[in-house]
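Asker: This is the content of run35.cif (mmCIF, C-alpha atoms):
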```
data_final
loop_
_atom_site.label_atom_id
_atom_site.label_comp_id
_atom_site.auth_asym_id
_atom_site.auth_seq_id
_atom_site.Cartn_x
_atom_site.Cartn_y
_atom_site.Cartn_z
CA MET A 1 -19.38 251.51 234.50
CA LYS A 2 -20.03 252.51 230.90
CA LYS A 3 -21.18 249.63 228.68
CA TYR A 4 -20.71 248.88 225.00
CA THR A 5 -22.13 245.98 223.04
CA ILE A 6 -20.45 245.01 219.81
CA ILE A 7 -23.02 243.07 217.84
CA VAL A 8 -21.29 240.92 215.29
CA ALA A 9 -23.55 240.34 212.32
CA GLY A 10 -20.86 240.09 209.70
CA GLY A 11 -21.94 236.77 208.18
CA SER A 12 -23.70 236.79 204.84
CA GLY A 13 -25.79 233.75 205.73
CA ARG A 14 -24.78 231.18 203.14
CA ARG A 15 -25.93 228.32 205.37
CA MET A 16 -29.55 229.48 205.21
CA GLY A 17 -29.78 228.79 201.48
CA THR A 18 -30.92 232.37 200.93
CA SER A 19 -29.26 235.53 199.79
CA LEU A 20 -30.55 237.55 202.76
CA PRO A 21 -28.13 237.42 205.72
CA LYS A 22 -29.87 235.58 208.53
CA GLN A 23 -29.80 238.53 210.93
CA PHE A 24 -32.27 240.28 208.61
CA MET A 25 -34.71 237.40 208.25
CA LEU A 26 -38.13 237.87 209.79
CA LEU A 27 -39.08 236.39 213.12
CA LYS A 28 -42.69 237.14 214.00
CA ASP A 29 -42.71 240.04 211.49
CA LYS A 30 -39.55 241.73 212.75
CA PRO A 31 -35.95 241.16 211.68
CA VAL A 32 -33.88 238.83 213.90
CA LEU A 33 -31.56 241.76 214.58
CA TYR A 34 -34.42 243.77 216.06
CA TYR A 35 -34.69 241.33 218.97
CA THR A 36 -30.94 241.31 219.57
CA LEU A 37 -30.71 245.11 219.64
CA LYS A 38 -33.79 245.39 221.82
CA ALA A 39 -32.42 242.94 224.40
CA PHE A 40 -29.26 244.96 224.99
CA LEU A 41 -30.88 248.41 224.85
CA SER A 42 -33.43 247.28 227.42
CA ALA A 43 -30.86 245.70 229.70
CA TYR A 44 -29.08 248.97 230.61
CA ASP A 45 -29.95 252.61 229.92
CA ASP A 46 -26.30 253.65 229.63
CA LEU A 47 -25.39 250.96 227.12
CA GLN A 48 -24.21 251.92 223.65
CA ILE A 49 -24.36 249.51 220.71
CA ILE A 50 -21.77 249.14 217.96
CA LEU A 51 -23.38 247.17 215.17
CA VAL A 52 -20.94 245.46 212.81
CA LEU A 53 -22.58 244.59 209.49
CA PRO A 54 -21.39 243.04 206.23
CA LEU A 55 -20.31 245.59 203.65
CA GLY A 56 -23.37 246.35 201.53
CA TYR A 57 -25.83 245.77 204.36
CA THR A 58 -25.25 248.86 206.45
CA ASP A 59 -28.27 250.62 204.90
CA MET A 60 -30.50 247.71 205.80
CA GLY A 61 -29.21 247.91 209.36
CA GLN A 62 -29.83 251.64 209.45
CA GLU A 63 -33.45 251.07 208.39
CA ILE A 64 -34.04 248.79 211.37
CA ILE A 65 -32.54 251.38 213.72
CA ASP A 66 -34.62 254.19 212.20
CA ALA A 67 -37.78 252.15 212.45
CA TYR A 68 -37.50 250.94 216.01
CA PHE A 69 -34.76 252.53 218.10
CA ASP A 70 -33.13 255.67 219.47
CA LYS A 71 -30.47 256.43 216.84
CA SER A 72 -28.16 258.05 219.35
CA ARG A 73 -27.57 254.69 221.07
CA ILE A 74 -26.45 252.65 218.04
CA SER A 75 -23.51 253.15 215.66
CA ILE A 76 -22.87 251.05 212.57
CA THR A 77 -19.53 249.94 211.20
CA ALA A 78 -18.54 247.52 208.45
CA GLY A 79 -17.24 244.03 209.21
CA GLY A 80 -14.04 242.41 207.98
CA ASP A 81 -13.20 239.07 206.41
CA THR A 82 -13.02 237.28 209.75
CA ARG A 83 -14.89 237.52 213.02
CA PHE A 84 -11.63 238.71 214.57
CA GLN A 85 -11.42 241.62 212.12
CA SER A 86 -15.11 242.45 212.55
CA VAL A 87 -14.74 242.65 216.33
CA LYS A 88 -11.56 244.68 215.91
CA ASN A 89 -13.42 247.16 213.69
CA GLY A 90 -16.08 247.45 216.39
CA LEU A 91 -13.51 247.91 219.15
CA ALA A 92 -12.09 250.92 217.29
CA MET A 93 -15.29 252.72 218.29
CA VAL A 94 -15.02 251.99 222.02
CA GLN A 95 -14.08 255.36 223.38
CA GLU A 96 -13.81 255.04 227.13
CA GLU A 97 -13.10 252.58 229.92
CA SER A 98 -16.03 250.22 229.89
CA ILE A 99 -17.43 246.73 230.02
CA VAL A 100 -17.65 245.44 226.44
CA PHE A 101 -20.13 242.75 225.47
CA VAL A 102 -19.43 240.99 222.16
CA HIS A 103 -22.56 239.27 220.93
CA ASP A 104 -23.67 237.22 217.90
CA GLY A 105 -26.29 239.17 215.97
CA VAL A 106 -28.24 235.96 215.41
CA ARG A 107 -28.50 235.07 219.12
CA CYS A 108 -31.66 237.09 219.33
CA LEU A 109 -33.16 235.41 222.40
CA VAL A 110 -30.52 236.54 224.90
CA SER A 111 -32.21 237.53 228.17
CA LYS A 112 -31.76 240.57 230.36
CA GLU A 113 -30.78 238.24 233.22
CA LEU A 114 -27.93 236.74 231.21
CA ILE A 115 -26.69 240.19 230.15
CA HIS A 116 -26.71 241.30 233.79
CA ARG A 117 -24.93 238.14 234.92
CA CYS A 118 -22.19 238.68 232.34
CA TYR A 119 -21.80 242.33 233.33
CA GLU A 120 -21.43 241.55 237.01
CA LYS A 121 -18.93 238.78 236.45
CA ALA A 122 -16.87 240.93 234.07
CA VAL A 123 -16.78 243.79 236.59
CA GLU A 124 -15.58 241.31 239.20
CA THR A 125 -13.05 239.26 237.21
CA GLY A 126 -12.49 241.13 233.94
CA THR A 127 -14.09 238.44 231.77
CA ALA A 128 -17.40 236.55 231.55
CA ILE A 129 -18.07 233.82 229.02
CA PRO A 130 -21.57 232.27 229.07
CA ALA A 131 -21.51 228.49 228.94
CA VAL A 132 -24.01 225.67 229.18
CA THR A 133 -23.55 221.96 229.78
CA SER A 134 -24.58 219.58 227.04
CA ARG A 135 -27.78 217.63 227.69
CA ASP A 136 -26.32 214.76 225.69
CA SER A 137 -23.51 212.40 226.59
CA ILE A 138 -20.14 213.48 225.24
CA ARG A 139 -17.40 211.63 223.37
CA LEU A 140 -14.02 212.97 222.37
CA VAL A 141 -12.59 211.98 219.02
CA ASN A 142 -8.93 211.01 219.20
CA GLU A 143 -6.39 209.14 217.12
CA ALA A 144 -7.52 205.79 218.46
CA GLY A 145 -11.19 206.44 217.69
CA ASN A 146 -13.40 208.02 220.34
CA GLU A 147 -13.96 207.77 224.06
CA ALA A 148 -16.55 208.77 226.63
CA PHE A 149 -15.86 212.02 228.46
CA GLU A 150 -17.48 213.51 231.56
CA ARG A 151 -20.32 215.67 230.26
CA ASN A 152 -20.07 218.21 233.09
CA ASN A 153 -16.50 219.07 232.14
CA VAL A 154 -17.48 220.11 228.61
CA LYS A 155 -18.99 223.55 228.14
CA LEU A 156 -20.87 224.80 225.08
CA ILE A 157 -19.94 228.43 224.70
CA GLN A 158 -22.37 231.25 223.90
CA THR A 159 -22.31 235.01 223.73
CA PRO A 160 -22.31 237.79 224.97
CA GLN A 161 -18.64 237.21 225.70
CA THR A 162 -17.98 240.06 228.07
CA PHE A 163 -14.75 241.81 229.03
CA HIS A 164 -13.30 244.85 230.71
CA SER A 165 -12.07 247.17 227.93
CA LYS A 166 -8.63 247.20 229.55
CA ILE A 167 -8.37 243.50 228.69
CA LEU A 168 -10.15 243.33 225.35
CA LEU A 169 -8.58 246.35 223.65
CA PRO A 170 -4.94 245.29 224.15
CA ALA A 171 -5.79 241.62 223.44
CA TYR A 172 -7.01 242.62 219.95
CA GLN A 173 -3.62 244.13 219.15
CA ILE A 174 -2.16 240.65 218.70
CA ASP A 175 -1.87 239.13 215.24
CA PHE A 176 -4.75 237.05 213.89
CA LYS A 177 -4.49 233.27 214.22
CA ASP A 178 -6.80 230.65 212.70
CA LYS A 179 -7.65 229.29 216.13
CA PHE A 180 -9.45 232.54 217.05
CA THR A 181 -12.99 231.19 216.91
CA ASP A 182 -14.35 233.67 219.42
CA GLU A 183 -13.25 236.49 221.71
CA ALA A 184 -12.30 234.20 224.60
CA THR A 185 -9.67 232.48 222.45
CA VAL A 186 -8.14 235.86 221.60
CA VAL A 187 -7.93 236.86 225.27
CA GLU A 188 -6.44 233.46 226.07
CA ALA A 189 -3.82 233.86 223.33
CA TYR A 190 -3.05 237.25 224.85
CA GLY A 191 -2.15 235.33 228.01
CA LEU A 192 -5.17 235.64 230.31
CA LYS A 193 -7.65 233.11 231.63
CA VAL A 194 -11.38 233.62 231.15
CA SER A 195 -14.23 233.17 233.65
CA LEU A 196 -17.36 231.23 232.78
CA VAL A 197 -20.91 232.21 233.78
CA ASP A 198 -24.09 230.19 233.37
CA GLY A 199 -25.50 230.60 229.87
CA GLU A 200 -29.06 229.76 228.84
CA GLU A 201 -30.48 226.90 226.82
CA ASN A 202 -32.78 229.29 224.96
CA ASN A 203 -29.90 231.54 223.90
CA ILE A 204 -29.75 229.82 220.52
CA LYS A 205 -28.06 230.94 217.32
CA ILE A 206 -30.26 231.27 214.24
CA THR A 207 -28.30 229.34 211.64
CA SER A 208 -30.93 227.37 209.73
CA PRO A 209 -34.57 227.97 208.70
CA ILE A 210 -35.90 225.63 211.38
CA ASP A 211 -34.19 227.80 214.02
CA LEU A 212 -36.53 230.65 213.11
CA LEU A 213 -39.51 228.43 213.94
CA ILE A 214 -37.87 227.26 217.15
CA ALA A 215 -37.15 230.87 218.14
CA GLU A 216 -40.77 231.75 217.46
CA SER A 217 -41.92 228.91 219.75
CA ILE A 218 -39.64 230.14 222.51
CA ILE A 219 -40.84 233.75 222.15
CA ASN A 220 -44.48 232.65 222.16
CA ALA A 221 -43.93 230.58 225.31
CA ASN A 222 -42.44 233.47 227.27
CA MET B 1 -30.96 190.47 210.03
CA LYS B 2 -33.68 190.51 212.69
CA LYS B 3 -34.09 193.88 214.44
CA TYR B 4 -35.14 194.81 217.95
CA THR B 5 -35.59 198.28 219.37
CA ILE B 6 -35.47 198.70 223.12
CA ILE B 7 -37.23 201.97 223.84
CA VAL B 8 -36.14 203.25 227.21
CA ALA B 9 -38.87 205.35 228.73
CA GLY B 10 -38.11 204.56 232.33
CA GLY B 11 -37.91 208.14 233.61
CA SER B 12 -40.78 209.54 235.62
CA GLY B 13 -40.21 213.05 234.28
CA ARG B 14 -39.46 215.09 237.38
CA ARG B 15 -37.71 217.78 235.31
CA MET B 16 -40.93 218.68 233.50
CA GLY B 17 -42.54 219.91 236.72
CA THR B 18 -45.46 217.60 236.10
CA SER B 19 -46.54 214.25 237.44
CA LEU B 20 -47.04 212.76 233.97
CA PRO B 21 -43.83 211.18 232.63
CA LYS B 22 -42.72 213.20 229.61
CA GLN B 23 -43.03 210.31 227.16
CA PHE B 24 -46.81 210.47 227.71
CA MET B 25 -47.21 214.21 227.24
CA LEU B 26 -49.12 215.35 224.18
CA LEU B 27 -47.40 216.60 221.08
CA LYS B 28 -49.91 217.68 218.44
CA ASP B 29 -52.63 215.63 220.17
CA LYS B 30 -50.67 212.40 220.37
CA PRO B 31 -48.35 211.16 223.14
CA VAL B 32 -44.62 211.74 222.58
CA LEU B 33 -44.16 207.97 222.70
CA TYR B 34 -46.50 207.54 219.72
CA TYR B 35 -44.00 209.30 217.45
CA THR B 36 -41.08 207.28 218.76
CA LEU B 37 -42.84 203.96 218.26
CA LYS B 38 -44.10 204.99 214.83
CA ALA B 39 -40.60 205.95 213.63
CA PHE B 40 -39.15 202.52 214.37
CA LEU B 41 -42.14 200.48 213.22
CA SER B 42 -42.11 202.37 209.91
CA ALA B 43 -38.36 202.02 209.42
CA TYR B 44 -38.37 198.22 209.05
CA ASP B 45 -41.20 195.71 208.68
CA ASP B 46 -39.31 193.00 210.55
CA LEU B 47 -38.48 195.15 213.56
CA GLN B 48 -39.85 194.25 216.97
CA ILE B 49 -40.12 196.81 219.79
CA ILE B 50 -39.44 196.17 223.46
CA LEU B 51 -40.90 199.10 225.36
CA VAL B 52 -39.45 199.62 228.83
CA LEU B 53 -41.76 201.70 231.03
CA PRO B 54 -41.70 202.85 234.64
CA LEU B 55 -43.52 200.54 237.03
CA GLY B 56 -47.10 201.81 237.25
CA TYR B 57 -47.17 203.14 233.69
CA THR B 58 -47.33 199.92 231.73
CA ASP B 59 -51.12 200.24 231.34
CA MET B 60 -50.75 203.72 229.90
CA GLY B 61 -48.21 202.36 227.42
CA GLN B 62 -50.55 199.51 226.49
CA GLU B 63 -53.32 202.01 225.74
CA ILE B 64 -51.11 203.79 223.21
CA ILE B 65 -50.25 200.50 221.54
CA ASP B 66 -53.90 199.42 221.44
CA ALA B 67 -54.96 202.74 219.96
CA TYR B 68 -52.39 203.06 217.21
CA PHE B 69 -50.28 200.00 216.53
CA ASP B 70 -50.10 196.32 215.69
CA LYS B 71 -49.88 194.71 219.13
CA SER B 72 -47.87 191.78 217.87
CA ARG B 73 -44.89 194.03 217.15
CA ILE B 74 -44.52 195.63 220.60
CA SER B 75 -43.85 194.04 224.00
CA ILE B 76 -43.80 195.94 227.28
CA THR B 77 -41.55 195.35 230.26
CA ALA B 78 -40.92 197.30 233.48
CA GLY B 79 -37.84 199.48 233.94
CA GLY B 80 -35.34 199.35 236.78
CA ASP B 81 -33.78 201.97 239.04
CA THR B 82 -31.10 202.89 236.50
CA ARG B 83 -30.98 203.16 232.74
CA PHE B 84 -28.53 200.24 232.83
CA GLN B 85 -31.08 198.06 234.61
CA SER B 86 -33.91 199.19 232.32
CA VAL B 87 -31.91 198.26 229.22
CA LYS B 88 -30.92 194.97 230.85
CA ASN B 89 -34.59 194.18 231.48
CA GLY B 90 -35.30 194.93 227.82
CA LEU B 91 -32.40 192.78 226.62
CA ALA B 92 -33.85 189.79 228.49
CA MET B 93 -36.56 189.78 225.81
CA VAL B 94 -34.16 189.69 222.84
CA GLN B 95 -34.59 186.14 221.63
CA GLU B 96 -32.41 185.73 218.60
CA GLU B 97 -29.31 187.02 216.87
CA SER B 98 -30.17 190.54 215.81
CA ILE B 99 -29.29 194.18 215.53
CA VAL B 100 -30.51 195.92 218.69
CA PHE B 101 -31.34 199.63 218.72
CA VAL B 102 -31.53 201.23 222.17
CA HIS B 103 -33.45 204.49 221.96
CA ASP B 104 -34.63 207.21 224.33
CA GLY B 105 -38.43 207.21 224.43
CA VAL B 106 -38.40 211.01 224.44
CA ARG B 107 -36.34 211.34 221.25
CA CYS B 108 -39.51 211.24 219.23
CA LEU B 109 -38.21 212.98 216.09
CA VAL B 110 -35.71 210.29 215.06
CA SER B 111 -35.84 209.84 211.29
CA LYS B 112 -36.02 206.73 209.17
CA GLU B 113 -32.74 207.76 207.53
CA LEU B 114 -30.93 207.86 210.87
CA ILE B 115 -32.36 204.47 211.88
CA HIS B 116 -31.18 202.99 208.56
CA ARG B 117 -27.74 204.58 208.92
CA CYS B 118 -27.35 203.07 212.39
CA TYR B 119 -28.48 199.67 211.20
CA GLU B 120 -26.03 199.58 208.30
CA LYS B 121 -23.10 200.70 210.42
CA ALA B 122 -23.93 198.19 213.16
CA VAL B 123 -24.12 195.37 210.61
CA GLU B 124 -20.72 196.44 209.31
CA THR B 125 -18.84 197.15 212.57
CA GLY B 126 -21.00 195.75 215.38
CA THR B 127 -21.79 199.18 216.86
CA ALA B 128 -23.25 202.52 215.70
CA ILE B 129 -23.53 205.55 217.96
CA PRO B 130 -25.17 208.65 216.44
CA ALA B 131 -23.23 211.82 217.15
CA VAL B 132 -23.41 215.47 216.12
CA THR B 133 -20.87 218.25 216.38
CA SER B 134 -21.68 221.20 218.61
CA ARG B 135 -22.60 224.41 216.78
CA ASP B 136 -21.06 226.35 219.64
CA SER B 137 -17.42 226.77 220.58
CA ILE B 138 -16.25 224.31 223.20
CA ARG B 139 -14.27 224.72 226.43
CA LEU B 140 -13.09 221.98 228.72
CA VAL B 141 -13.17 222.58 232.45
CA ASN B 142 -10.01 221.48 234.22
CA GLU B 143 -8.27 222.02 237.52
CA ALA B 144 -6.67 225.25 236.31
CA GLY B 145 -9.97 226.73 235.09
CA ASN B 146 -11.04 226.14 231.51
CA GLU B 147 -9.51 226.10 228.06
CA ALA B 148 -10.61 226.22 224.45
CA PHE B 149 -10.93 222.86 222.72
CA GLU B 150 -11.35 221.99 219.04
CA ARG B 151 -15.09 221.83 218.46
CA ASN B 152 -14.87 219.16 215.77
CA ASN B 153 -13.28 216.71 218.19
CA VAL B 154 -16.21 216.85 220.60
CA LYS B 155 -19.29 214.81 219.76
CA LEU B 156 -22.72 215.18 221.31
CA ILE B 157 -24.16 211.69 221.56
CA GLN B 158 -27.71 210.71 220.65
CA THR B 159 -29.70 207.52 220.29
CA PRO B 160 -30.54 205.00 218.80
CA GLN B 161 -27.29 203.48 220.05
CA THR B 162 -27.15 200.38 217.92
CA PHE B 163 -25.33 197.09 218.40
CA HIS B 164 -25.07 193.53 217.24
CA SER B 165 -26.75 191.36 219.88
CA LYS B 166 -23.56 189.31 220.15
CA ILE B 167 -21.87 192.41 221.55
CA LEU B 168 -24.66 193.98 223.59
CA LEU B 169 -25.92 190.87 225.37
CA PRO B 170 -22.58 189.82 226.88
CA ALA B 171 -21.63 193.46 227.61
CA TYR B 172 -24.68 193.78 229.86
CA GLN B 173 -23.48 190.85 231.98
CA ILE B 174 -20.85 193.09 233.59
CA ASP B 175 -21.53 194.77 236.94
CA PHE B 176 -23.14 198.20 236.99
CA LYS B 177 -20.83 201.20 237.37
CA ASP B 178 -21.85 204.83 237.95
CA LYS B 179 -20.10 205.89 234.78
CA PHE B 180 -22.59 203.96 232.65
CA THR B 181 -24.46 206.94 231.25
CA ASP B 182 -25.49 205.18 228.06
CA GLU B 183 -25.06 201.88 226.21
CA ALA B 184 -21.80 202.91 224.53
CA THR B 185 -20.10 203.32 227.91
CA VAL B 186 -21.19 199.80 228.88
CA VAL B 187 -19.78 198.31 225.68
CA GLU B 188 -16.58 200.29 226.22
CA ALA B 189 -16.25 199.00 229.79
CA TYR B 190 -16.74 195.50 228.35
CA GLY B 191 -13.57 196.20 226.35
CA LEU B 192 -14.75 197.15 222.86
CA LYS B 193 -14.55 200.38 220.88
CA VAL B 194 -17.68 201.94 219.40
CA SER B 195 -18.24 203.42 215.93
CA LEU B 196 -19.87 206.80 215.44
CA VAL B 197 -22.39 207.66 212.73
CA ASP B 198 -23.79 211.07 211.83
CA GLY B 199 -26.69 211.98 214.10
CA GLU B 200 -29.27 214.67 213.38
CA GLU B 201 -29.76 218.13 214.86
CA ASN B 202 -33.51 217.58 214.98
CA ASN B 203 -33.17 214.35 216.98
CA ILE B 204 -33.81 216.21 220.22
CA LYS B 205 -34.75 214.87 223.63
CA ILE B 206 -37.97 216.18 225.16
CA THR B 207 -36.85 217.19 228.64
CA SER B 208 -38.62 220.49 229.30
CA PRO B 209 -42.00 222.00 228.33
CA ILE B 210 -40.43 224.28 225.70
CA ASP B 211 -39.07 221.17 223.96
CA LEU B 212 -42.63 220.11 223.19
CA LEU B 213 -43.17 223.41 221.34
CA ILE B 214 -39.85 223.07 219.54
CA ALA B 215 -40.72 219.52 218.51
CA GLU B 216 -44.06 220.75 217.21
CA SER B 217 -42.29 223.39 215.09
CA ILE B 218 -39.99 220.76 213.65
CA ILE B 219 -42.87 218.39 212.85
CA ASN B 220 -44.86 221.21 211.22
CA ALA B 221 -41.87 222.20 209.09
CA ASN B 222 -41.38 218.69 207.71
#
```
Will you turn the file into structure tokens for me?
Answerer:
Amino acid sequence: MKKYTIIVAGGSGRRMGTSLPKQFMLLKDKPVLYYTLKAFLSAYDDLQIILVLPLGYTDMGQEIIDAYFDKSRISITAGGDTRFQSVKNGLAMVQEESIVFVHDGVRCLVSKELIHRCYEKAVETGTAIPAVTSRDSIRLVNEAGNEAFERNNVKLIQTPQTFHSKILLPAYQIDFKDKFTDEATVVEAYGLKVSLVDGEENNIKITSPIDLLIAESIINAN
Amino acid sequence: MKKYTIIVAGGSGRRMGTSLPKQFMLLKDKPVLYYTLKAFLSAYDDLQIILVLPLGYTDMGQEIIDAYFDKSRISITAGGDTRFQSVKNGLAMVQEESIVFVHDGVRCLVSKELIHRCYEKAVETGTAIPAVTSRDSIRLVNEAGNEAFERNNVKLIQTPQTFHSKILLPAYQIDFKDKFTDEATVVEAYGLKVSLVDGEENNIKITSPIDLLIAESIINAN
């Protein structure tokens, strides 16, 4: 089936203590976004990327594409005020029945194996949400304080959150709610359940300067 | 108040795919355990360490102490089959009213600030369990599948789990149960609530070879 990846890189990176959005920061001499784009383009030959960038950064995105990639496989669109709106802007460019991956631009270490696993599960069940189990013990905070909770029943959610277009497109017609922290919560609010697939410990999000060093260690080790 | 740290390094490291327990692996030319011991010895001058090692590795532990530390501040004892038993063996060496830190030997990046924070909270409330919030969205697995859960109400638990000896010593007189995954669950089963304190993202556990590289990046960045 046809494949689209919406890469959400709408954040302007305030947490990094820098004015450059984190998806443009350098990791081993290439922008973080380079690795993310490369991972998806290499995973499938018939995959098209829709890159959602903050307003004012589309030129910078275009420079990365021009420098490293086949322009015909990547389109750029501007993001909105929320992740929901950014994904919705990207979805407007999905033009045919397809499997749609929605991926954080700063999760630049996503592997081909994980992308394939998500695709296969989404073809089978309509949805595929990568999840890992915490290595640490878990406690839930409640009104009475906190209590131990079975670690294996808590999943840390990653991207690419992957869906059949016939699910994701109508789901994004519903009105925005604050609880929409990712795509899975939108599909759930639309009334469907989501399927989990095994994520990857190395599929980290670059959100602080130390993460760039950690990502470099992981790349060097592979 | 007097301070003891029980460092639990009972595991034989099967997950590393190596015969050397992970607490002895080299991180920037020194064993992982060196950094853990150093962190606690530097945090307080009147702190005594009880190092719990797997049977057969006590000599290796003694070599690290002889090479780097003041022998009078560290005692070694052998671990048991479970973490519960290892901590219990360590507690047998706590000889006076004190604050007792129980710490994973492989969390070698624990900071002085975190150790102080745990101490102060344990003096105040009797218990201090370091916890961080997940950066990722959270889902809980249940009989019907899985569902989104408020990320801020889920805490990932670290060590040093810190207690007043008057709580921890009697708590460890109860019978072992499978659900005892850490010290907080033992104290809870004994009938008390535990207090959380802010943990640290860098306070990672060395459980796989890549973690050694990540730890090296973090040390180099500080």
Asker: Which residues are close to segment 23-25 of chain B, i.e. within 10 Å by all atoms listed in the file, leaving aside same-chain residues fewer than 3 positions away? Reply as a VMD selection string.
Answerer: chain B and resid 8 to 13 16 18 20 28 to 36 53 57 60 to 61 64 104 to 108 206 to 207 209 212
Asker: What are the nearest atom pairs, with distances in Å to one decimal, for all residues of chain A that come at most 9 Å from chain B, using only C-alpha atoms, set out by chain and rising residue number as JSON lines?
Answerer:
```
{"residue": "A:Ala131", "atom": "CA", "partner": "B:Arg139", "partner_atom": "CA", "distance": 8.5}
{"residue": "A:Ser134", "atom": "CA", "partner": "B:Leu156", "partner_atom": "CA", "distance": 7.5}
{"residue": "A:Arg135", "atom": "CA", "partner": "B:Leu156", "partner_atom": "CA", "distance": 8.5}
{"residue": "A:Asp136", "atom": "CA", "partner": "B:Ile157", "partner_atom": "CA", "distance": 5.6}
{"residue": "A:Ser137", "atom": "CA", "partner": "B:Ile157", "partner_atom": "CA", "distance": 5.1}
{"residue": "A:Ile138", "atom": "CA", "partner": "B:Leu156", "partner_atom": "CA", "distance": 5.0}
{"residue": "A:Arg139", "atom": "CA", "partner": "B:Lys155", "partner_atom": "CA", "distance": 5.2}
{"residue": "A:Leu140", "atom": "CA", "partner": "B:Val154", "partner_atom": "CA", "distance": 4.8}
{"residue": "A:Val141", "atom": "CA", "partner": "B:Asn153", "partner_atom": "CA", "distance": 4.9}
{"residue": "A:Asn142", "atom": "CA", "partner": "B:Asn153", "partner_atom": "CA", "distance": 7.2}
{"residue": "A:Gly145", "atom": "CA", "partner": "B:Lys193", "partner_atom": "CA", "distance": 7.6}
{"residue": "A:Asn146", "atom": "CA", "partner": "B:Val194", "partner_atom": "CA", "distance": 7.5}
{"residue": "A:Glu147", "atom": "CA", "partner": "B:Lys193", "partner_atom": "CA", "distance": 8.1}
{"residue": "A:Ala148", "atom": "CA", "partner": "B:Thr185", "partner_atom": "CA", "distance": 6.6}
{"residue": "A:Glu150", "atom": "CA", "partner": "B:Lys179", "partner_atom": "CA", "distance": 8.7}
{"residue": "A:Asn152", "atom": "CA", "partner": "B:Val141", "partner_atom": "CA", "distance": 8.2}
{"residue": "A:Asn153", "atom": "CA", "partner": "B:Val141", "partner_atom": "CA", "distance": 4.8}
{"residue": "A:Val154", "atom": "CA", "partner": "B:Leu140", "partner_atom": "CA", "distance": 4.8}
{"residue": "A:Lys155", "atom": "CA", "partner": "B:Arg139", "partner_atom": "CA", "distance": 5.2}
{"residue": "A:Leu156", "atom": "CA", "partner": "B:Ile138", "partner_atom": "CA", "distance": 5.0}
{"residue": "A:Ile157", "atom": "CA", "partner": "B:Ser137", "partner_atom": "CA", "distance": 5.1}
{"residue": "A:Gln158", "atom": "CA", "partner": "B:Asp136", "partner_atom": "CA", "distance": 6.6}
{"residue": "A:Lys179", "atom": "CA", "partner": "B:Glu150", "partner_atom": "CA", "distance": 8.7}
{"residue": "A:Thr181", "atom": "CA", "partner": "B:Ser137", "partner_atom": "CA", "distance": 7.3}
{"residue": "A:Asp182", "atom": "CA", "partner": "B:Ser137", "partner_atom": "CA", "distance": 7.6}
{"residue": "A:Ala184", "atom": "CA", "partner": "B:Ala148", "partner_atom": "CA", "distance": 8.2}
{"residue": "A:Thr185", "atom": "CA", "partner": "B:Ala148", "partner_atom": "CA", "distance": 6.6}
{"residue": "A:Glu188", "atom": "CA", "partner": "B:Glu147", "partner_atom": "CA", "distance": 8.2}
{"residue": "A:Lys193", "atom": "CA", "partner": "B:Gly145", "partner_atom": "CA", "distance": 7.6}
{"residue": "A:Val194", "atom": "CA", "partner": "B:Asn146", "partner_atom": "CA", "distance": 7.5}
{"residue": "A:Ser195", "atom": "CA", "partner": "B:Gly145", "partner_atom": "CA", "distance": 7.9}
{"residue": "A:Leu196", "atom": "CA", "partner": "B:Asn146", "partner_atom": "CA", "distance": 8.2}
{"residue": "A:Lys205", "atom": "CA", "partner": "B:Arg135", "partner_atom": "CA", "distance": 8.5}
{"residue": "A:Ile210", "atom": "CA", "partner": "B:Ile218", "partner_atom": "CA", "distance": 6.8}
{"residue": "A:Leu213", "atom": "CA", "partner": "B:Ser217", "partner_atom": "CA", "distance": 5.9}
{"residue": "A:Ile214", "atom": "CA", "partner": "B:Ile214", "partner_atom": "CA", "distance": 5.2}
{"residue": "A:Ala215", "atom": "CA", "partner": "B:Ile214", "partner_atom": "CA", "distance": 8.4}
{"residue": "A:Glu216", "atom": "CA", "partner": "B:Ser217", "partner_atom": "CA", "distance": 8.8}
{"residue": "A:Ser217", "atom": "CA", "partner": "B:Leu213", "partner_atom": "CA", "distance": 5.9}
{"residue": "A:Ile218", "atom": "CA", "partner": "B:Ile210", "partner_atom": "CA", "distance": 6.7}
{"residue": "A:Ala221", "atom": "CA", "partner": "B:Ile210", "partner_atom": "CA", "distance": 7.2}
```
Asker: Excluding segment 66-75 of chain A and its own-chain neighbours fewer than 2 positions away, which residues fall within 7 Å of it when counting only C-alpha atoms? Please give them as a ChimeraX atom specification.
Answerer: /A:48-51,62-64,77
Asker: Would you compute the box with edges along x, y and z of the file around segment 98-116 of chain B, including every atom the file lists for it and 4 Å extra on each side, and give its centre and edge lengths in Å to one decimal, as lines of an AutoDock Vina configuration file?
Answerer:
```
center_x = -34.4
center_y = 201.8
center_z = 216.0
size_x = 18.2
size_y = 30.4
size_z = 24.9
```
Asker: Within 8 Å of Ser86 of chain A, counting only C-alpha atoms, which residues qualify if same-chain residues fewer than 4 places away don't, as a list in words?
Answerer: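 That gives Val8, Gly10, Val52, Ala78, Gly79, Gly80, Asp81, Thr82 and Gly90 of chain A.
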Asker: Selection in question (the file shown): the PyMOL selection byres ((chain B and resi 40-45) around 8). Which residues does it include, as a list in words?
Answerer: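 Taken over the shown coordinates, the PyMOL selection byres ((chain B and resi 40-45) around 8) returns Thr5, Thr36, Leu37, Lys38, Ala39, Asp46, Leu47, Gln48, Ile49, Lys112, Ile115 and His116 of chain B.
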Asker: Could you check the closest approach to Lys166 of chain B for each of B:Ser19, B:Asp59, B:Glu97, B:Val197 and tell me which residue wins, using all atoms listed in the file?
Answerer: B:Glu97
